[in-house]
Every structure is written in structure tokens, then in C-alpha cells.
>>> print(open('protein-v2.cif').read())   # mmCIF, C-alpha atoms
data_target
#
loop_
_atom_site.label_atom_id
_atom_site.label_comp_id
_atom_site.auth_asym_id
_atom_site.auth_seq_id
_atom_site.Cartn_x
_atom_site.Cartn_y
_atom_site.Cartn_z
CA MET X 159 132.21 -13.52 105.77
CA THR X 160 134.50 -10.76 106.86
CA ARG X 161 133.71 -7.36 105.71
CA ARG X 162 136.70 -5.54 104.44
CA ALA X 163 137.10 -2.35 106.36
CA GLN X 164 136.48 0.53 104.02
CA LYS X 165 139.15 3.13 103.83
CA PRO X 166 137.61 6.49 104.65
CA LYS X 167 137.42 8.65 101.55
CA PRO X 168 139.83 11.55 101.78
CA ARG X 169 137.86 14.64 102.77
CA ARG X 170 138.22 17.31 100.19
CA ALA X 171 138.20 20.69 101.77
CA HIS X 172 135.50 22.89 100.26
CA THR X 173 134.27 26.33 101.04
CA THR X 174 130.56 26.79 101.52
CA VAL X 175 129.41 29.72 99.43
CA VAL X 176 126.74 31.71 101.20
CA LEU X 177 123.98 32.93 98.87
CA LEU X 178 122.42 36.21 99.89
CA ARG X 179 119.77 38.44 98.37
CA LEU X 180 119.23 42.02 99.47
CA TYR X 181 116.09 43.86 98.44
CA ILE X 182 116.56 47.63 98.39
CA VAL X 183 115.30 50.90 97.02
CA GLY X 184 118.33 52.15 95.11
CA GLY X 185 119.54 55.49 96.44
CA ALA X 186 117.33 55.52 99.52
CA PRO X 187 119.27 56.14 102.74
CA ASN X 188 118.61 52.87 104.62
CA SER X 189 119.21 50.84 101.47
CA VAL X 190 122.53 52.54 100.81
CA GLN X 191 123.55 51.82 104.35
CA ALA X 192 122.36 48.20 104.20
CA VAL X 193 124.46 47.51 101.10
CA ALA X 194 127.56 49.06 102.64
CA ASN X 195 127.08 47.30 105.98
CA LEU X 196 126.42 43.92 104.43
CA GLU X 197 129.39 44.08 102.10
CA ALA X 198 131.67 45.02 104.99
CA ILE X 199 130.39 42.13 107.12
CA CYS X 200 130.70 39.66 104.24
CA GLN X 201 134.24 40.77 103.44
CA GLU X 202 135.23 40.37 107.05
CA HIS X 203 133.46 37.13 107.93
CA LEU X 204 133.03 35.31 104.64
CA LYS X 205 136.17 36.53 102.91
CA GLY X 206 134.70 36.28 99.44
CA ALA X 207 132.90 32.97 99.94
CA TYR X 208 129.55 34.57 99.26
CA GLN X 209 127.32 35.66 96.41
CA LEU X 210 125.19 38.72 96.93
CA GLU X 211 122.33 39.62 94.65
CA VAL X 212 120.98 43.12 95.14
CA VAL X 213 117.42 43.58 93.91
CA ASP X 214 116.14 47.12 93.47
CA ILE X 215 112.41 46.77 93.97
CA LEU X 216 111.66 49.97 92.08
CA GLU X 217 113.17 48.33 89.01
CA HIS X 218 111.75 44.89 89.74
CA PRO X 219 108.55 45.41 91.75
CA GLN X 220 107.12 42.07 90.61
CA ARG X 221 109.98 40.24 92.26
CA ALA X 222 109.20 41.93 95.54
CA LEU X 223 105.62 40.71 95.24
CA ASP X 224 106.53 37.22 94.02
CA GLU X 225 109.24 36.68 96.59
CA GLY X 226 107.18 37.82 99.55
CA VAL X 227 109.17 40.91 100.46
CA LEU X 228 107.30 43.11 102.92
CA VAL X 229 109.70 45.99 103.51
CA THR X 230 113.06 47.17 102.25
CA PRO X 231 115.87 46.93 102.96
CA SER X 232 115.33 43.23 103.45
CA LEU X 233 118.00 40.57 103.50
CA ALA X 234 117.39 36.92 102.67
CA LYS X 235 119.94 34.19 103.23
CA LEU X 236 119.12 31.57 100.63
CA SER X 237 121.83 29.03 101.23
CA PRO X 238 123.18 27.16 103.12
CA ARG X 239 120.25 26.17 105.27
CA PRO X 240 118.68 27.25 107.46
CA ALA X 241 117.26 30.10 105.42
CA ALA X 242 117.11 33.38 107.26
CA LYS X 243 115.59 36.81 106.88
CA LEU X 244 116.51 40.17 108.34
CA VAL X 245 115.00 43.60 107.74
CA GLY X 246 116.42 47.07 108.30
CA ASN X 247 119.64 48.84 107.45
CA LEU X 248 121.85 46.09 108.93
CA SER X 249 123.77 48.53 111.11
CA ASP X 250 123.54 46.14 114.05
CA LYS X 251 126.48 43.95 113.12
CA SER X 252 125.91 41.29 115.76
CA LYS X 253 122.31 40.87 114.66
CA VAL X 254 123.39 40.32 111.06
CA ILE X 255 126.07 37.84 112.08
CA LEU X 256 123.57 35.95 114.21
CA ALA X 257 120.91 35.90 111.52
CA LEU X 258 123.34 34.66 108.89
CA GLY X 259 124.82 32.10 111.26
CA LEU X 260 128.28 33.54 110.83
CA GLY X 261 129.30 33.33 114.45
CA GLY X 262 131.68 30.54 115.26
CA LYS X 263 133.61 28.26 112.92
CA MET X 264 133.01 28.69 109.22
CA GLN X 265 132.48 25.49 107.25
CA MET M 775 101.15 54.25 104.12
CA LYS M 776 98.91 54.08 107.18
CA ASN M 777 96.73 51.45 105.50
CA ALA M 778 99.67 49.18 104.72
CA LEU M 779 100.92 49.23 108.30
CA PRO M 780 98.08 47.26 109.91
CA ARG M 781 98.91 44.40 107.53
CA LEU M 782 102.30 44.16 109.20
CA ALA M 783 101.74 42.52 112.55
CA LYS M 784 102.43 44.79 115.47
CA GLY M 785 105.65 43.81 117.19
CA SER M 786 106.87 42.01 114.06
CA PRO M 787 110.45 42.61 112.94
CA GLU M 788 109.10 44.67 110.02
CA HIS M 789 107.00 46.84 112.30
CA GLN M 790 109.89 47.33 114.71
CA ALA M 791 112.25 48.27 111.91
CA ILE M 792 109.76 50.85 110.63
CA GLU M 793 109.45 52.35 114.11
CA ALA M 794 113.24 52.48 114.32
CA GLY M 795 113.45 54.42 111.04
CA GLU M 796 115.38 51.67 109.28
CA ILE M 797 112.97 51.09 106.42
CA ASP M 798 112.78 52.85 103.06
CA ALA M 799 109.69 51.24 101.56
CA ILE M 800 106.73 49.01 102.37
CA ILE M 801 105.43 46.56 99.79
CA ASP M 802 101.69 46.36 100.05
CA HIS M 803 100.82 42.97 98.60
CA ALA M 804 97.11 43.64 98.75
CA SER M 805 97.30 46.59 96.38
CA SER M 806 100.57 45.53 94.67
CA ASN M 807 102.01 48.90 95.54
CA VAL M 808 105.40 50.03 96.74
CA ILE M 809 105.01 52.72 99.35
CA LEU M 810 108.06 54.88 99.89
CA LEU M 811 108.53 56.27 103.36
CA PRO M 812 109.06 60.05 103.54
CA ALA M 813 112.85 60.01 104.02
CA ALA M 814 113.30 57.67 101.06
CA ARG M 815 110.94 59.74 98.91
CA ARG M 816 112.90 62.90 99.73
CA ALA M 817 116.23 61.23 99.02
CA LEU M 818 115.04 59.96 95.65
CA ARG M 819 113.60 63.34 94.77
CA GLU M 820 116.94 64.93 95.55
CA LEU M 821 118.74 62.30 93.51
CA ALA M 822 116.41 62.98 90.61
CA GLY M 823 117.19 66.68 90.84
CA ARG M 824 120.92 66.03 90.64
CA PRO M 825 122.84 65.39 87.44
CA ALA M 826 122.92 61.75 86.37
CA ALA M 827 126.12 61.29 88.40
CA ALA M 828 124.33 58.88 90.75
CA ASN M 829 123.46 56.54 87.89
CA LEU M 830 126.59 54.68 86.92
CA ASP M 831 124.95 53.20 83.86
CA ALA M 832 124.77 56.64 82.35
CA ALA M 833 128.46 57.21 82.93
CA ASN M 834 128.91 58.33 79.34
CA GLU M 835 126.37 61.08 79.82
CA VAL M 836 127.59 62.09 83.23
CA PRO M 837 127.96 65.80 83.17
CA MET M 838 130.82 67.12 85.15
CA ALA M 839 129.93 65.79 88.55
CA ASN M 840 133.48 66.35 89.77
CA GLY M 841 134.62 69.94 90.23
CA LEU M 842 138.16 69.41 88.98
CA LEU M 843 136.98 67.73 85.79
CA ALA M 844 134.26 70.35 85.33
CA ALA M 845 136.93 73.04 85.09
CA LEU M 846 138.58 71.42 82.08
CA PRO M 847 138.11 72.44 78.46
CA PRO M 848 135.78 70.00 76.64
CA ALA M 849 138.54 68.36 74.58
CA GLU M 850 140.58 67.48 77.65
CA TYR M 851 137.50 66.35 79.51
CA GLN M 852 136.52 63.99 76.69
CA TYR M 853 140.07 62.65 76.46
CA LEU M 854 140.11 61.84 80.16
CA ILE M 855 136.57 60.55 80.53
CA ALA M 856 137.28 57.90 77.92
CA ARG M 857 140.07 56.63 80.15
CA PHE M 858 138.23 56.74 83.45
CA GLU M 859 136.44 53.76 84.96
CA PRO M 860 133.22 54.55 86.87
CA VAL M 861 133.19 52.74 90.19
CA THR M 862 131.12 52.53 93.34
CA LEU M 863 133.09 52.99 96.50
CA HIS M 864 131.82 51.46 99.71
CA ALA M 865 132.13 52.86 103.20
CA GLY M 866 135.18 51.46 104.93
CA GLU M 867 137.13 50.75 101.74
CA VAL M 868 140.79 51.71 102.02
CA LEU M 869 142.01 53.30 98.80
CA GLN M 870 145.55 54.12 99.83
CA GLU M 871 147.95 53.35 102.63
CA PRO M 872 150.75 55.72 103.63
CA GLY M 873 154.09 54.75 102.13
CA ALA M 874 152.48 52.35 99.66
CA PRO M 875 152.61 52.88 95.90
CA ILE M 876 149.49 54.58 94.56
CA GLU M 877 147.47 52.08 92.55
CA TYR M 878 144.61 54.27 91.32
CA VAL M 879 143.61 57.90 91.36
CA TYR M 880 140.00 58.67 92.24
CA PHE M 881 137.80 61.61 91.29
CA PRO M 882 134.73 61.43 93.56
CA GLN M 883 131.26 62.26 92.27
CA ASP M 884 129.19 61.88 95.41
CA CYS M 885 131.31 59.80 97.75
CA VAL M 886 133.45 61.19 100.56
CA ILE M 887 136.97 60.09 101.31
CA CYS M 888 138.73 60.77 104.57
CA LEU M 889 142.48 61.23 104.67
CA MET M 890 143.95 59.95 107.88
CA ALA M 891 147.30 60.32 109.55
CA SER M 892 148.34 57.94 112.27
CA VAL M 893 150.41 58.17 115.37
CA ASP M 894 150.10 54.58 116.47
CA PRO M 895 147.65 53.56 117.80
CA GLN M 896 145.76 56.80 117.26
CA VAL M 897 144.42 57.97 113.95
CA LEU M 898 143.20 61.40 112.94
CA GLU M 899 141.40 63.00 110.03
CA VAL M 900 143.69 65.38 108.25
CA GLY M 901 141.57 66.01 105.19
CA LEU M 902 138.25 65.28 103.57
CA VAL M 903 137.84 64.86 99.80
CA GLY M 904 134.60 64.92 97.90
CA ASN M 905 133.52 65.98 94.44
CA GLU M 906 135.58 69.15 94.69
CA GLY M 907 138.80 67.17 94.47
CA MET M 908 140.60 63.94 93.89
CA VAL M 909 142.57 61.29 95.76
CA GLY M 910 146.11 60.55 94.65
CA ILE M 911 147.39 64.10 94.24
CA SER M 912 150.95 62.93 95.01
CA LEU M 913 151.13 61.43 91.51
CA ALA M 914 150.55 64.83 89.97
CA LEU M 915 153.39 66.19 92.07
CA GLY M 916 155.87 63.56 90.96
CA ARG M 917 155.55 61.17 93.90
CA GLU M 918 154.33 57.63 93.39
CA VAL M 919 153.64 56.81 97.03
CA SER M 920 150.78 57.98 99.16
CA SER M 921 151.45 60.04 102.26
CA ALA M 922 148.15 59.39 104.04
CA ARG M 923 145.59 56.66 104.44
CA ALA M 924 142.57 57.26 102.22
CA LEU M 925 139.44 55.73 103.68
CA VAL M 926 136.00 55.88 102.10
CA GLN M 927 133.75 57.58 104.62
CA GLY M 928 130.62 58.08 102.53
CA ALA M 929 129.75 55.47 99.91
CA GLY M 930 129.07 56.65 96.39
CA ALA M 931 130.26 56.97 92.82
CA ALA M 932 133.69 57.97 91.61
CA PHE M 933 135.87 57.86 88.52
CA ARG M 934 139.12 56.02 88.83
CA MET M 935 142.18 55.45 86.66
CA LYS M 936 145.25 53.29 87.09
CA ALA M 937 148.30 55.26 88.23
CA ALA M 938 150.46 54.65 85.16
CA ARG M 939 147.63 55.53 82.79
CA PHE M 940 146.91 58.69 84.77
CA GLN M 941 150.51 59.83 84.63
CA GLN M 942 150.47 59.28 80.88
CA ALA M 943 147.17 61.15 80.49
CA LEU M 944 148.38 63.98 82.69
CA GLY M 945 151.28 64.52 80.30
CA GLN M 946 148.71 65.30 77.58
CA CYS M 947 146.47 67.57 79.60
CA LEU M 948 147.90 70.96 80.49
CA SER M 949 144.66 72.26 81.99
CA LEU M 950 144.41 69.24 84.27
CA GLN M 951 147.98 69.81 85.41
CA ARG M 952 147.11 73.41 86.28
CA GLU M 953 143.93 72.38 88.11
CA LEU M 954 145.76 69.72 90.08
CA HIS M 955 148.54 72.10 91.12
CA ARG M 956 145.91 74.56 92.31
CA PHE M 957 144.16 71.73 94.15
CA ALA M 958 147.41 70.60 95.75
CA ASP M 959 148.00 74.11 97.05
CA LYS M 960 144.48 74.21 98.50
CA LYS M 961 145.05 70.84 100.13
CA LEU M 962 148.24 72.11 101.74
CA ALA M 963 146.45 75.17 103.12
CA LEU M 964 143.62 72.93 104.33
CA ALA M 965 146.04 70.56 106.06
CA ARG M 966 147.68 73.50 107.83
CA GLN M 967 144.35 74.88 108.95
CA THR M 968 143.21 71.42 110.09
CA ALA M 969 146.38 70.99 112.14
CA ALA M 970 145.68 74.23 114.00
CA CYS M 971 141.99 73.36 114.37
CA ASN M 972 142.71 69.90 115.75
CA ARG M 973 145.11 71.38 118.26
CA PHE M 974 143.09 74.32 119.55
CA HIS M 975 139.40 74.04 118.86
CA ALA M 976 136.81 72.47 121.13
CA ILE M 977 135.44 69.08 120.16
CA GLU M 978 131.89 70.31 119.64
CA ALA M 979 133.06 72.98 117.20
CA ARG M 980 135.30 70.50 115.38
CA LEU M 981 132.46 67.99 115.17
CA ALA M 982 130.18 70.64 113.69
CA ARG M 983 132.85 71.50 111.10
CA CYS M 984 133.31 67.82 110.29
CA LEU M 985 129.58 67.26 109.79
CA LEU M 986 129.23 70.35 107.59
CA MET M 987 132.19 69.38 105.42
CA THR M 988 130.91 65.84 104.98
CA GLY M 989 127.41 67.05 104.18
CA ASP M 990 128.80 69.47 101.57
CA ARG M 991 130.69 66.71 99.85
CA VAL M 992 128.11 63.98 99.98
CA ARG M 993 125.38 66.35 98.73
CA LEU M 994 122.57 64.65 100.60
CA ALA M 995 120.36 65.86 103.40
CA VAL M 996 120.95 62.62 105.27
CA PHE M 997 124.24 60.79 105.48
CA PHE M 998 125.99 58.22 107.61
CA LEU M 999 128.91 58.52 109.96
CA THR M 1000 129.18 56.03 112.78
CA GLN M 1001 130.51 57.10 116.15
CA ALA M 1002 133.57 54.96 115.54
CA CYS M 1003 134.20 56.83 112.26
CA LEU M 1004 133.79 60.21 113.89
CA ALA M 1005 135.99 59.16 116.81
CA ASP M 1006 138.74 58.25 114.35
CA MET M 1007 138.25 61.41 112.34
CA LEU M 1008 138.46 63.64 115.39
CA GLY M 1009 141.05 61.65 117.30
CA VAL M 1010 138.89 61.25 120.38
CA ARG M 1011 137.03 58.48 122.19
CA ARG M 1012 133.56 57.37 121.10
CA ALA M 1013 132.15 58.61 124.39
CA THR M 1014 133.47 62.09 123.58
CA VAL M 1015 131.81 62.00 120.15
CA ASN M 1016 128.60 60.83 121.77
CA ALA M 1017 128.65 63.71 124.23
CA ALA M 1018 129.48 66.35 121.61
CA ALA M 1019 126.84 65.01 119.21
CA GLY M 1020 124.35 65.01 122.06
CA LEU M 1021 125.01 68.69 122.65
CA LEU M 1022 124.47 69.52 118.98
CA GLN M 1023 121.31 67.44 118.99
CA ARG M 1024 119.93 69.14 122.11
CA ARG M 1025 120.41 72.47 120.35
CA ASN M 1026 118.31 71.04 117.48
CA LEU M 1027 121.14 71.49 115.02
CA ILE M 1028 121.32 67.86 113.99
CA ARG M 1029 119.49 64.61 114.43
CA TYR M 1030 121.92 61.75 115.02
CA SER M 1031 120.72 58.23 115.49
CA ARG M 1032 122.48 54.93 114.76
CA GLY M 1033 125.01 56.58 112.55
CA ARG M 1034 122.45 58.47 110.50
CA ILE M 1035 122.93 62.22 110.52
CA ARG M 1036 120.48 64.83 109.38
CA ILE M 1037 121.45 68.49 109.51
CA LEU M 1038 118.38 70.30 110.85
CA ASP M 1039 119.65 73.84 111.18
CA ARG M 1040 122.44 74.62 108.77
CA ALA M 1041 122.98 78.21 109.84
CA GLY M 1042 123.01 77.18 113.47
CA LEU M 1043 125.49 74.41 112.79
CA GLU M 1044 127.76 76.83 110.91
CA ALA M 1045 127.62 79.14 113.90
CA ALA M 1046 128.51 76.23 116.19
CA ALA M 1047 131.39 75.18 113.98
CA CYS M 1048 134.77 76.71 114.54
CA ALA M 1049 135.90 79.54 112.26
CA CYS M 1050 137.92 76.96 110.36
CA TYR M 1051 134.82 75.89 108.49
CA THR M 1052 134.36 79.19 106.67
CA ARG M 1053 138.09 79.56 106.24
CA ILE M 1054 138.33 76.09 104.71
CA GLU M 1055 135.29 76.65 102.52
CA ARG M 1056 136.84 79.84 101.17
CA LEU M 1057 139.90 77.81 100.31
CA GLY M 1058 137.48 75.54 98.42
#
>>> encode(input="protein-v2.cif", output="C-alpha cells")
Amino acid sequence: MTRRAQKPKPRRAHTTVVLLRLYIVGGAPNSVQAVANLEAICQEHLKGAYQLEVVDILEHPQRALDEGVLVTPSLAKLSPRPAAKLVGNLSDKSKVILALGLGGKMQ
Amino acid sequence: MKNALPRLAKGSPEHQAIEAGEIDAIIDHASSNVILLPAARRALRELAGRPAAANLDAANEVPMANGLLAALPPAEYQYLIARFEPVTLHAGEVLQEPGAPIEYVYFPQDCVICLMASVDPQVLEVGLVGNEGMVGISLALGREVSSARALVQGAGAAFRMKAARFQQALGQCLSLQRELHRFADKKLALARQTAACNRFHAIEARLARCLLMTGDRVRLAVFFLTQACLADMLGVRRATVNAAAGLLQRRNLIRYSRGRIRILDRAGLEAAACACYTRIERLG
């Protein structure tokens, strides 16, 4: 029996949305810097294809405990895999790009 | 804090970041405590001592965190504040481009905006605006295009209003018109002084002036200005900024590391700054 060759399904272009969570202490110097740095990097490299949740651990201390945060500022990349974590004020742009897997072609 | 540290493995990214001064708080899971590091504690204490300007949720209660608005009679202030939108501006945001129509006017509360002129490919700081002023003064003078690039240097809160709405509101507010004309005159004097300063004064003195002016406007003991930012502001190479900052640091006037600046000796830094600093401050 001949198998009918299957037509390849047309690939629909889709943008992967990167999910990020940044744990900070609102108003503290490194946290302020981390937010600014991260937003700049995301605007440049992800061009809006990202969702950033900023968690102020002074307002939500239980979340810091539940979600295993050790220090702030602390960045967690939740999706797409692999998950990643980075601590500090994110002023080292290349480190952030590497950790988030932003170098090279975006999917 | 010392007890929480051993729980973070030595050499771990967390430990390294703490050593590098990049951490604000440690979460001690054993005791379920959040331990603020000294710099963060100081910053929060200072924030707490300031009016609620830093808290955007309390925008309705914000006392007059902008100098221009503070000078208005209560009725005019209330009229305007109902039309303003509280926003957070992020470092690196471009608010205006030269020659482009002005979209919004901004009244900073604790952010700092740098006005830049460009002689391709060079750029240069020609003005700094903080809570003593506003961005978009051209509108008040009957021009709808911006003459300079407005770049957010220090992140923070501001009030903003769409250009058309502002022009309408301005028509109703005589005191605001007066304040803005006075402000425009000050800006003109400042631009003139800055032109002379940029031409004649040594880089170290100009850098000191720049740091003092930014510190005054951002109202924090610690603020951020990367070398790239400072190089653009002063119209010099990064290496030149590095050298000048190094000199100020060796004199124990500032601590400057990874873009974070702390003014250690204010009087000393004022002495190191060119005379333009006091002249500009007197202009307000």
C-alpha cells in the first residue's frame, strides 16, 4: 500500500513570549537599577515579546520565601525553557543576555 | 546579617553579588526574615523621610514634589493635578527628539532628564532638568517642536500631560504661565553658562558640576550614571570620564563603581567643581 505523502503543514510564525520575574526591594538602589537595566535590555532584544513581573519582597515577603529567593535583586526566567536565574543589579548586559539566552537568533 | 551570610555558599553567585555591592536584601529562610543591607536601609529611610512623591499610588496625595507646581496657588494646582498622569520614567527613555512635535510635557518629581544637543556624531549635555523644572518648555513659548533631545538620565516619577491638553490648561492658568516664563528665562541663562563651561572648563571640574547637579535633582545619596552616559553628557570619551572620575575618587570626593555614584564629600566636590555650579544654582 502506498502511503500518500503528507503535505507539510504551513508553519505559522509565532513569537515566543519570554516570561520574567524580578524580585526587588522597591526604592533600594540596586533594585532600581535592576529594573531599569532589565527593561532596557528587554526593549532592545525582545522588542515587547516579554512579560515582566516585578515582585517587591517587602510587600510580598511570603512569595520570596515560597519561591526560594535568596537575595534581591534576583531575576528568574520562567519561560521558555531552560529556566534561568541571575542575581545582582543586572548592570552587566552581556551576563544578562547570556543568562536569558538572548544571544543569537530569536525564535 | 552576618548570620545569614554563612547560609549562602561561599563563592556562590549570591555571595559574589553581595561582595560586589549589587544586593539590597538577603532573605533568611531559616528565620523567615528579610535583611536589608546598609545602603538599601539608608535609601529606604531617606525615601520615607521624603514626601509621598516616590509612591505613585498616592499620586492624589502627592504634595508639591515639583518646584514649578509648588509655586502655584492651590486652585490652579488642583486644576492641573487632575489633568496630570503620574508616570515612572526609566533610564534611557527618550522623551523628545529635536525637530519632532512635542507629544507630552513632563514635570519631574525625582527623576532627572538630560537635554542633549548633537553635532553628528557627537552629543553633548546642554541642560539638566529635575524637580525644579519641566520638559517641554517650548510649548509654553508657542512652539510645538522640541529643540533638544530629552533623555531620561535618572529613573523616577514624573507627572505628564499630552501637549494639546497642556496648551489648553495653560490658557486657564495665569500663574503657571508666569512660572513657566520665569523658568524659560532661567533655562536660557543656564544654557548660556553651560556653553561657556563646556568650552573653557577642565573636564574634572565639569564632571564635578555634573555630578552635583544630578545629585541635587535626584535627591538621593546614591545615584546611577554610567560612564557612557557621562561621556555623552560631557562630550568626551569614556576613557576621559574614567580618568576624571578616578581623580575625584582618589581625592575621596566620590565613590564611583559600576555606574553607582555616592558623593562622599559634598563641600569638597563643590570646591572641585567649576564656578559654574554655584552660578547655575543661583539661577535655580
>>> residues_around(input="protein-v2.cif", residues="segment 199-208 of chain X", least_positions_apart="5", cutoff="12 Å", atoms="only C-alpha atoms", output="PDB file with C-alpha atoms, keeping the file's coordinate frame")
ATOM      1  CA  HIS X 172     135.500  22.890 100.260  1.00  0.00           C
ATOM      2  CA  THR X 173     134.270  26.330 101.040  1.00  0.00           C
ATOM      3  CA  THR X 174     130.560  26.790 101.520  1.00  0.00           C
ATOM      4  CA  VAL X 175     129.410  29.720  99.430  1.00  0.00           C
ATOM      5  CA  VAL X 176     126.740  31.710 101.200  1.00  0.00           C
ATOM      6  CA  LEU X 177     123.980  32.930  98.870  1.00  0.00           C
ATOM      7  CA  LEU X 178     122.420  36.210  99.890  1.00  0.00           C
ATOM      8  CA  ARG X 179     119.770  38.440  98.370  1.00  0.00           C
ATOM      9  CA  ALA X 192     122.360  48.200 104.200  1.00  0.00           C
ATOM     10  CA  VAL X 193     124.460  47.510 101.100  1.00  0.00           C
ATOM     11  CA  ALA X 194     127.560  49.060 102.640  1.00  0.00           C
ATOM     12  CA  LYS X 235     119.940  34.190 103.230  1.00  0.00           C
ATOM     13  CA  LEU X 236     119.120  31.570 100.630  1.00  0.00           C
ATOM     14  CA  SER X 237     121.830  29.030 101.230  1.00  0.00           C
ATOM     15  CA  PRO X 238     123.180  27.160 103.120  1.00  0.00           C
ATOM     16  CA  LEU X 248     121.850  46.090 108.930  1.00  0.00           C
ATOM     17  CA  SER X 249     123.770  48.530 111.110  1.00  0.00           C
ATOM     18  CA  ASP X 250     123.540  46.140 114.050  1.00  0.00           C
ATOM     19  CA  LYS X 251     126.480  43.950 113.120  1.00  0.00           C
ATOM     20  CA  SER X 252     125.910  41.290 115.760  1.00  0.00           C
ATOM     21  CA  LYS X 253     122.310  40.870 114.660  1.00  0.00           C
ATOM     22  CA  VAL X 254     123.390  40.320 111.060  1.00  0.00           C
ATOM     23  CA  ILE X 255     126.070  37.840 112.080  1.00  0.00           C
ATOM     24  CA  LEU X 256     123.570  35.950 114.210  1.00  0.00           C
ATOM     25  CA  LEU X 258     123.340  34.660 108.890  1.00  0.00           C
ATOM     26  CA  GLY X 259     124.820  32.100 111.260  1.00  0.00           C
ATOM     27  CA  LEU X 260     128.280  33.540 110.830  1.00  0.00           C
ATOM     28  CA  GLY X 261     129.300  33.330 114.450  1.00  0.00           C
ATOM     29  CA  GLY X 262     131.680  30.540 115.260  1.00  0.00           C
ATOM     30  CA  LYS X 263     133.610  28.260 112.920  1.00  0.00           C
ATOM     31  CA  MET X 264     133.010  28.690 109.220  1.00  0.00           C
ATOM     32  CA  GLN X 265     132.480  25.490 107.250  1.00  0.00           C
TER      33      GLN X 265
ATOM     34  CA  HIS M 864     131.820  51.460  99.710  1.00  0.00           C
ATOM     35  CA  ALA M 865     132.130  52.860 103.200  1.00  0.00           C
ATOM     36  CA  GLY M 866     135.180  51.460 104.930  1.00  0.00           C
ATOM     37  CA  GLU M 867     137.130  50.750 101.740  1.00  0.00           C
TER      38      GLU M 867
END
>>> atom_distance(input="protein-v2.cif", atom1="atom CA of Ala969 of chain M", atom2="atom CA of Gln896 of chain M")
15.1 Å
>>> resolve_selection(input="protein-v2.cif", expression="the PyMOL selection byres ((chain M) within 9 of (chain X))", output="count of residues only")
39
>>> residues_near_point(input="protein-v2.cif", point="(120.8, 59.7, 121.3)", cutoff="12 Å", atoms="all atoms listed in the file", output="PyMOL selection string")
chain M and resi 1001+1013+1015-1024+1028-1035
>>> atom_distance(input="protein-v2.cif", atom1="atom CA of Asn905 of chain M", atom2="atom CA of Phe933 of chain M")
10.3 Å
>>> resolve_selection(input="protein-v2.cif", expression="the PyMOL selection byres ((chain M and resi 954) around 12)", output="PyMOL selection string")
chain M and resi 841-843+845-846+881+906-916+944+947-953+955-961
>>> atom_distance(input="protein-v2.cif", atom1="atom CA of Ala839 of chain M", atom2="atom CA of Leu180 of chain X")
28.3 Å
>>> residues_around(input="protein-v2.cif", residues="Gln946 of chain M", least_positions_apart="4", cutoff="10 Å", atoms="all atoms listed in the file", output="PyMOL selection string")
chain M and resi 850+853-854+940-942+950-951
>>> resolve_selection(input="protein-v2.cif", expression="the PyMOL selection byres ((chain M and resi 931) around 8)", output="PyMOL selection string")
chain M and resi 827-828+830+860-863+882-885+929-930+932-933
>>> decode(input="protein-v2.cif", residues="segment 222-233 of chain X", atoms="N, CA and C atoms", output="PDB file, in the first residue's frame")
ATOM      1  N   ALA X 222       8.749  35.584  48.513  1.00  0.00           N
ATOM      2  CA  ALA X 222      10.207  35.405  48.488  1.00  0.00           C
ATOM      3  C   ALA X 222      10.565  34.071  49.149  1.00  0.00           C
ATOM      4  N   LEU X 223       9.897  33.779  50.249  1.00  0.00           N
ATOM      5  CA  LEU X 223      10.163  32.525  50.962  1.00  0.00           C
ATOM      6  C   LEU X 223       9.668  31.338  50.139  1.00  0.00           C
ATOM      7  N   ASP X 224       8.441  31.435  49.639  1.00  0.00           N
ATOM      8  CA  ASP X 224       7.852  30.311  48.908  1.00  0.00           C
ATOM      9  C   ASP X 224       8.592  30.014  47.613  1.00  0.00           C
ATOM     10  N   GLU X 225       9.082  31.089  46.972  1.00  0.00           N
ATOM     11  CA  GLU X 225       9.671  30.896  45.652  1.00  0.00           C
ATOM     12  C   GLU X 225      11.178  30.777  45.692  1.00  0.00           C
ATOM     13  N   GLY X 226      11.714  30.604  46.900  1.00  0.00           N
ATOM     14  CA  GLY X 226      13.130  30.266  47.032  1.00  0.00           C
ATOM     15  C   GLY X 226      14.095  31.384  46.683  1.00  0.00           C
ATOM     16  N   VAL X 227      13.662  32.626  46.898  1.00  0.00           N
ATOM     17  CA  VAL X 227      14.551  33.750  46.594  1.00  0.00           C
ATOM     18  C   VAL X 227      15.528  33.929  47.746  1.00  0.00           C
ATOM     19  N   LEU X 228      16.799  34.059  47.424  1.00  0.00           N
ATOM     20  CA  LEU X 228      17.821  34.188  48.473  1.00  0.00           C
ATOM     21  C   LEU X 228      18.270  35.629  48.690  1.00  0.00           C
ATOM     22  N   VAL X 229      18.356  36.367  47.587  1.00  0.00           N
ATOM     23  CA  VAL X 229      18.803  37.766  47.678  1.00  0.00           C
ATOM     24  C   VAL X 229      17.997  38.578  46.671  1.00  0.00           C
ATOM     25  N   THR X 230      17.990  39.877  46.854  1.00  0.00           N
ATOM     26  CA  THR X 230      17.396  40.742  45.822  1.00  0.00           C
ATOM     27  C   THR X 230      18.370  41.886  45.509  1.00  0.00           C
ATOM     28  N   PRO X 231      18.396  42.352  44.261  1.00  0.00           N
ATOM     29  CA  PRO X 231      17.526  41.923  43.170  1.00  0.00           C
ATOM     30  C   PRO X 231      17.876  40.520  42.637  1.00  0.00           C
ATOM     31  N   SER X 232      16.843  39.846  42.197  1.00  0.00           N
ATOM     32  CA  SER X 232      17.018  38.487  41.716  1.00  0.00           C
ATOM     33  C   SER X 232      16.076  38.289  40.538  1.00  0.00           C
ATOM     34  N   LEU X 233      16.646  37.848  39.428  1.00  0.00           N
ATOM     35  CA  LEU X 233      15.849  37.695  38.216  1.00  0.00           C
ATOM     36  C   LEU X 233      15.633  36.221  37.925  1.00  0.00           C
TER      37      LEU X 233
END
